[in-house]
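Engineer: Quick one: the structure is below, and I'll ask about it shortly.
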2 protein chains.
Amino acid sequence: MTSPVSGFRFSAVSAGLRKDGRIDVALAAASAPATCAGVFTRNLVRAAPVDVAAERVRSGRARAVLANSGTANACTGQAGFEAVLASTEAIARALGVPSSSVLPASTGVIGKLLEARRVAARAADLVATLSPDGFSDFARAIGTTDRWEKIAEARAGAARVLGIAKGAGMIHPDLGVIPPGPPHATMLAFLFTDAAVDRAGLERALVHAVDTSFNACSVDGDTSTNDTVIALASGAAGVCDADELARATSEVCDALARSMIADGEGATHAVEVRVTGLATDAEARQVARTIATSMLVKTALFAQDPNWGRLLAAAGRAGVRFDPARARIAVGGVAIVRDGVALGAEAEAEAARHMIEPSYVVDLVLGSGPGSFTYLTSDLGHGYVDVNAGYRS
Amino acid sequence: MTSPVSGFRFSAVSAGLRKDGRIDVALAAASAPATCAGVFTRNLVRAAPVDVAAERVRSGRARAVLANSGTANACTGQAGFEAVLASTEAIARALGVPSSSVLPASTGVIGKLLEARRVAARAADLVATLSPDGFSDFARAIGTTDRWEKIAEARAGAARVLGIAKGAGMIHPDLGVIPPGPPHATMLAFLFTDAAVDRAGLERALVHAVDTSFNACSVDGDTSTNDTVIALASGAAGVCDADELARATSEVCDALARSMIADGEGATHAVEVRVTGLATDAEARQVARTIATSMLVKTALFAQDPNWGRLLAAAGRAGVRFDPARARIAVGGVAIVRDGVALGAEAEAEAARHMIEPSYVVDLVLGSGPGSFTYLTSDLGHGYVDVNAGYRS
């Protein structure tokens, strides 16, 4: 049971941004100026709210997060930019804070303009209904093709970290601090902690956590124009050990990423692709990512087929040197390939029994080096096609 | 109507490599030693026949091509290598030529050993039934999930170029001359010409043709362990102008690649992704490839949805600099985005009408630079999932 985090309140309303009338605008507000840090998609095509949030987060202080579903407000030109300014200004006025302290985030269809007047019309209600345990409404309001809410929490000494995220498609985050580089993809995640931490410490914990969670998972290989992860720290729980905060932040990001992948569009399995034995972690990441985004691998996962040929073939095109004749592969802990050669139908049948599970591990040992990396992926089946062939219509 | 090429004969038999009893071993034989060149998959995981063919093609002379479906003979260790030697030796003996002049190629399931004794048992029949117009049988014997035969031809002055290929999955060729670098993916193509050309000239024509055809098309982004393109020149038609031969070779490879993509597993559309206006052709290739392999783009093509947001988002994550605010996009010749902003529902509805066609062009103009590249891709729908979730079972 998730409990509130001191210093933060949440609310959500329906502003009519979505055709179906579901709640679609969410607000998180800090009682006092909070320390903040953010990482944003490195896609070159970046939505207006990402540009604005990346700019505002640089001050290291923020009072609120304003997030919406129903439109990504990406590729909407100057009008899109003005819509972000107008909607955050309306919220800032209702909260009585500077508009530069309101961090925006959007998710939905690319090319659809955010209707700022609809958000402004609900600003007073958003502020009036703020509540310490409104985070569940917040989570529901930012969901799009999500089948469930994504909330996670962890303790860091006396402090707590609460995370809220949404998936579920255009998920292949490539998040970094802006500048340098540009961002893209729609996953959103917001972390709230009552730890007292300075901006550099919060950013360090966030960047590290994101690198092995959101930046190490993929539904479809498509990095969005809107990917945003923002962390706010109220300080209400006092100073927290930096390592403890880093660990708790990683724990929350990891849990949210796992939930996102399990809820990947049409997904029936969340699979950890664990690559070890290479020279460096960077090489292992490269191989794991190539396997995790292979259409042939993902359809085999859907079919519950321990098709090691597709795994090894994907590894082989990753641009990393290894000796295929030494490769070992296990699925669900069952070895099916040793020294690059299949162990036979019986082993594969046993491995296939593990592929019925909603989540399991695929291991590739590609040498005896120290480099390792784990990437999370979902399977590709008819559900994925159904969701994405009908998304706009 | 395709006609024979002087100096070459073809045959195909069923050797029982496939469970379904279809013809599965094909032979092409030159009446006299032919000039040869070949390009092979750069996947690190390379099938035994690829290693053997890449080695043998280096002499610049060959007498025959022995190709089979039913097994890729990849990841089969020393036994796989010996099976290649034994099967090509049996054919060489039946033809009365050195075994080093027989070039092998395989396609099918990875990890399944080639049963050389089955090929050897049919060697005499393969040689006895050789015929100048047996190329259609050859094409049928190497097909796997192909729905139709892939044969193309072109004239080069007095000479002719005949091409035979197979698709239809694990199609994202990355072919190069071996050495340097290793290969992977299963598309096979064989070119036969009666032009008189030296080895260097033939290789030059082949490498150039492959680079803008097979290396510029994708069904699933998965480069195979077995991709092989071999060209043989009999010289029977006399010396041919080098430019003429290059043009004819490109024409044949282009036609075969188009046929492969149109016949991509489960595909209903073959789409040209044409990127222009970037600084270099290499940058344009990078952007076009990223779009062509995007799962979200490919499901939109299946849905006949001119979802320019997915196109632009994929371009933005390609790692190439451009100004999204200047981007122009057209589908089927209908402009739907200008200066990075949508032209509206009416334009999209008109574009959607072109997406009913089996093939059409998607244009992205991303600046005013001279760099351009065209990539061929297929759509991703339920047919793809059906084929690949059931391939091994």
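So you can find residues: chains in the structure tokens are A, B, ... in the order shown, residues in each start at 1, and ligands are numbered from 1 in order.
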What parts of segment 20-212 of chain B does DSSP call strand (DSSP E)? I'd like the answer as JSON, numbers by chain.

Structural biologist: {"B": [25, 26, 27, 28, 29, 30, 31, 32, 33, 34, 35, 36, 37, 38, 39, 40, 41, 61, 62, 63, 64, 65, 66, 67, 68, 102, 103, 104, 105, 106, 150, 151, 152, 153, 154, 155, 156, 159, 160, 161, 162, 163, 164, 165, 166, 175, 176, 188, 189, 190, 191, 192, 193]}

Engineer: Do a neighbour search on segment 281-295 of chain B at 9 Å with only C-alpha atoms, toss out local chain neighbours closer than 4 positions, and write the hits as a ChimeraX atom specification.

Structural biologist: /A:220-222,295 /B:216-221,271-277,299-300,310-321,364,370-380

Engineer: With only C-alpha atoms considered, list every residue of chain B at most 7 Å from chain A, as a VMD selection string.

Structural biologist: chain B and resid 43 to 45 75 to 77 110 to 111 184 220 222 to 225 294 to 296 299 to 300 302 to 303 309 313 to 314 316 to 317 324 340 to 342 381 to 382 385 388 to 389

Engineer: In Å to one decimal, how far is atom CA of Asp20 of chain B from atom CA of Ala90 of chain B?

Structural biologist: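 Atom-to-atom, atom CA of Ala90 of chain B and atom CA of Asp20 of chain B are spaced 24.1 Å apart.
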
Engineer: Separation of atom CA of Glu348 of chain B and atom CA of Ala335 of chain B, in Å?

Structural biologist: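 That distance, rounded to one decimal, is 8.3 Å.
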
Engineer: Apply DSSP to the backbone of this structure and, from segment 58-268 of chain A, keep only the residues in helix (DSSP H, G or I); write these as number ranges by chain.

Structural biologist: A: 58-59, 77-95, 99-101, 116-121, 123-128, 135-142, 199-211, 214-216, 242-262

Engineer: Can you work out which one of A:Pro173, A:Phe190, A:Val210, A:Ala15 has the shortest atom-to-atom distance to Asp125 of chain A, counting only C-alpha atoms?

Structural biologist: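 The shortest atom-to-atom distance to Asp125 of chain A comes from A:Ala15.
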
Engineer: As a list in words, please: the residues near segment 195-208 of chain B (cut-off 6 Å, only C-alpha atoms, same-chain neighbours under 2 positions excluded).

Structural biologist: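 So the residues in contact are Thr35, Ala37, Gly60, Ala159, Thr193, Val210, Asp211, Ala233, Gly235, Ala237, Gly238, Val239, Cys240 and Ala246 of chain B.
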
Engineer: What does the distance between atom CA of Arg117 of chain A and atom CA of Gly7 of chain A come to in Å, to one decimal place?

Structural biologist: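 Going from atom CA of Arg117 of chain A over to atom CA of Gly7 of chain A, I get 28.7 Å.
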
Engineer: Calculated over only C-alpha atoms, which of the candidates B:Gly332, B:Leu343, B:Ser213, B:Thr186 has the smallest distance to Tyr360 of chain B?

Structural biologist: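 Among the listed residues, B:Gly332 lies closest to Tyr360 of chain B.
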
Engineer: Leaving out Arg58 of chain B and any residue of its chain fewer than 4 positions from it, which residues lie within 10 Å of it when counting only C-alpha atoms, given as JSON, numbers by chain?

Structural biologist: {"B": [36, 37, 38, 53, 54, 62, 177, 178, 179, 199]}

Engineer: Could you take the residues named above and write them with N, CA and C atoms, as a PDB file, in the first residue's frame?

Structural biologist:
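Below you can see result-v2.pdb, which holds the result:
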```pdb
ATOM      1  N   CYS B  36      33.873 -15.342 -61.285  1.00  0.00           N
ATOM      2  CA  CYS B  36      32.877 -15.210 -60.222  1.00  0.00           C
ATOM      3  C   CYS B  36      33.251 -14.134 -59.217  1.00  0.00           C
ATOM      4  N   ALA B  37      32.216 -13.628 -58.546  1.00  0.00           N
ATOM      5  CA  ALA B  37      32.380 -12.676 -57.448  1.00  0.00           C
ATOM      6  C   ALA B  37      31.241 -12.926 -56.475  1.00  0.00           C
ATOM      7  N   GLY B  38      31.458 -12.567 -55.234  1.00  0.00           N
ATOM      8  CA  GLY B  38      30.391 -12.805 -54.257  1.00  0.00           C
ATOM      9  C   GLY B  38      30.451 -11.816 -53.110  1.00  0.00           C
ATOM     10  N   ALA B  53      31.851 -20.699 -49.185  1.00  0.00           N
ATOM     11  CA  ALA B  53      31.666 -19.964 -50.444  1.00  0.00           C
ATOM     12  C   ALA B  53      32.552 -18.721 -50.496  1.00  0.00           C
ATOM     13  N   ALA B  54      32.647 -18.009 -49.351  1.00  0.00           N
ATOM     14  CA  ALA B  54      33.462 -16.791 -49.313  1.00  0.00           C
ATOM     15  C   ALA B  54      34.929 -17.113 -49.599  1.00  0.00           C
ATOM     16  N   ALA B  62      34.726 -20.159 -60.903  1.00  0.00           N
ATOM     17  CA  ALA B  62      33.856 -21.196 -60.336  1.00  0.00           C
ATOM     18  C   ALA B  62      33.163 -21.944 -61.461  1.00  0.00           C
ATOM     19  N   VAL B 177      32.046  -7.713 -49.326  1.00  0.00           N
ATOM     20  CA  VAL B 177      33.069  -8.649 -49.780  1.00  0.00           C
ATOM     21  C   VAL B 177      33.759  -9.201 -48.535  1.00  0.00           C
ATOM     22  N   ILE B 178      34.000 -10.518 -48.500  1.00  0.00           N
ATOM     23  CA  ILE B 178      34.646 -11.160 -47.349  1.00  0.00           C
ATOM     24  C   ILE B 178      36.024 -11.629 -47.775  1.00  0.00           C
ATOM     25  N   PRO B 179      37.134 -11.350 -47.029  1.00  0.00           N
ATOM     26  CA  PRO B 179      37.242 -10.356 -46.001  1.00  0.00           C
ATOM     27  C   PRO B 179      37.142  -8.939 -46.610  1.00  0.00           C
ATOM     28  N   ARG B 199      37.411 -10.621 -63.026  1.00  0.00           N
ATOM     29  CA  ARG B 199      36.882 -10.771 -61.682  1.00  0.00           C
ATOM     30  C   ARG B 199      36.653  -9.416 -61.013  1.00  0.00           C
TER      31      ARG B 199
END
```

Engineer: With distances taken over only C-alpha atoms, which residue among A:Ala120, A:Ala248, A:Val57, A:Leu17 lies nearest Ala72 of chain A?

Structural biologist: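 Looking only at the distances to Ala72 of chain A, the closest residue turns out to be A:Leu17.
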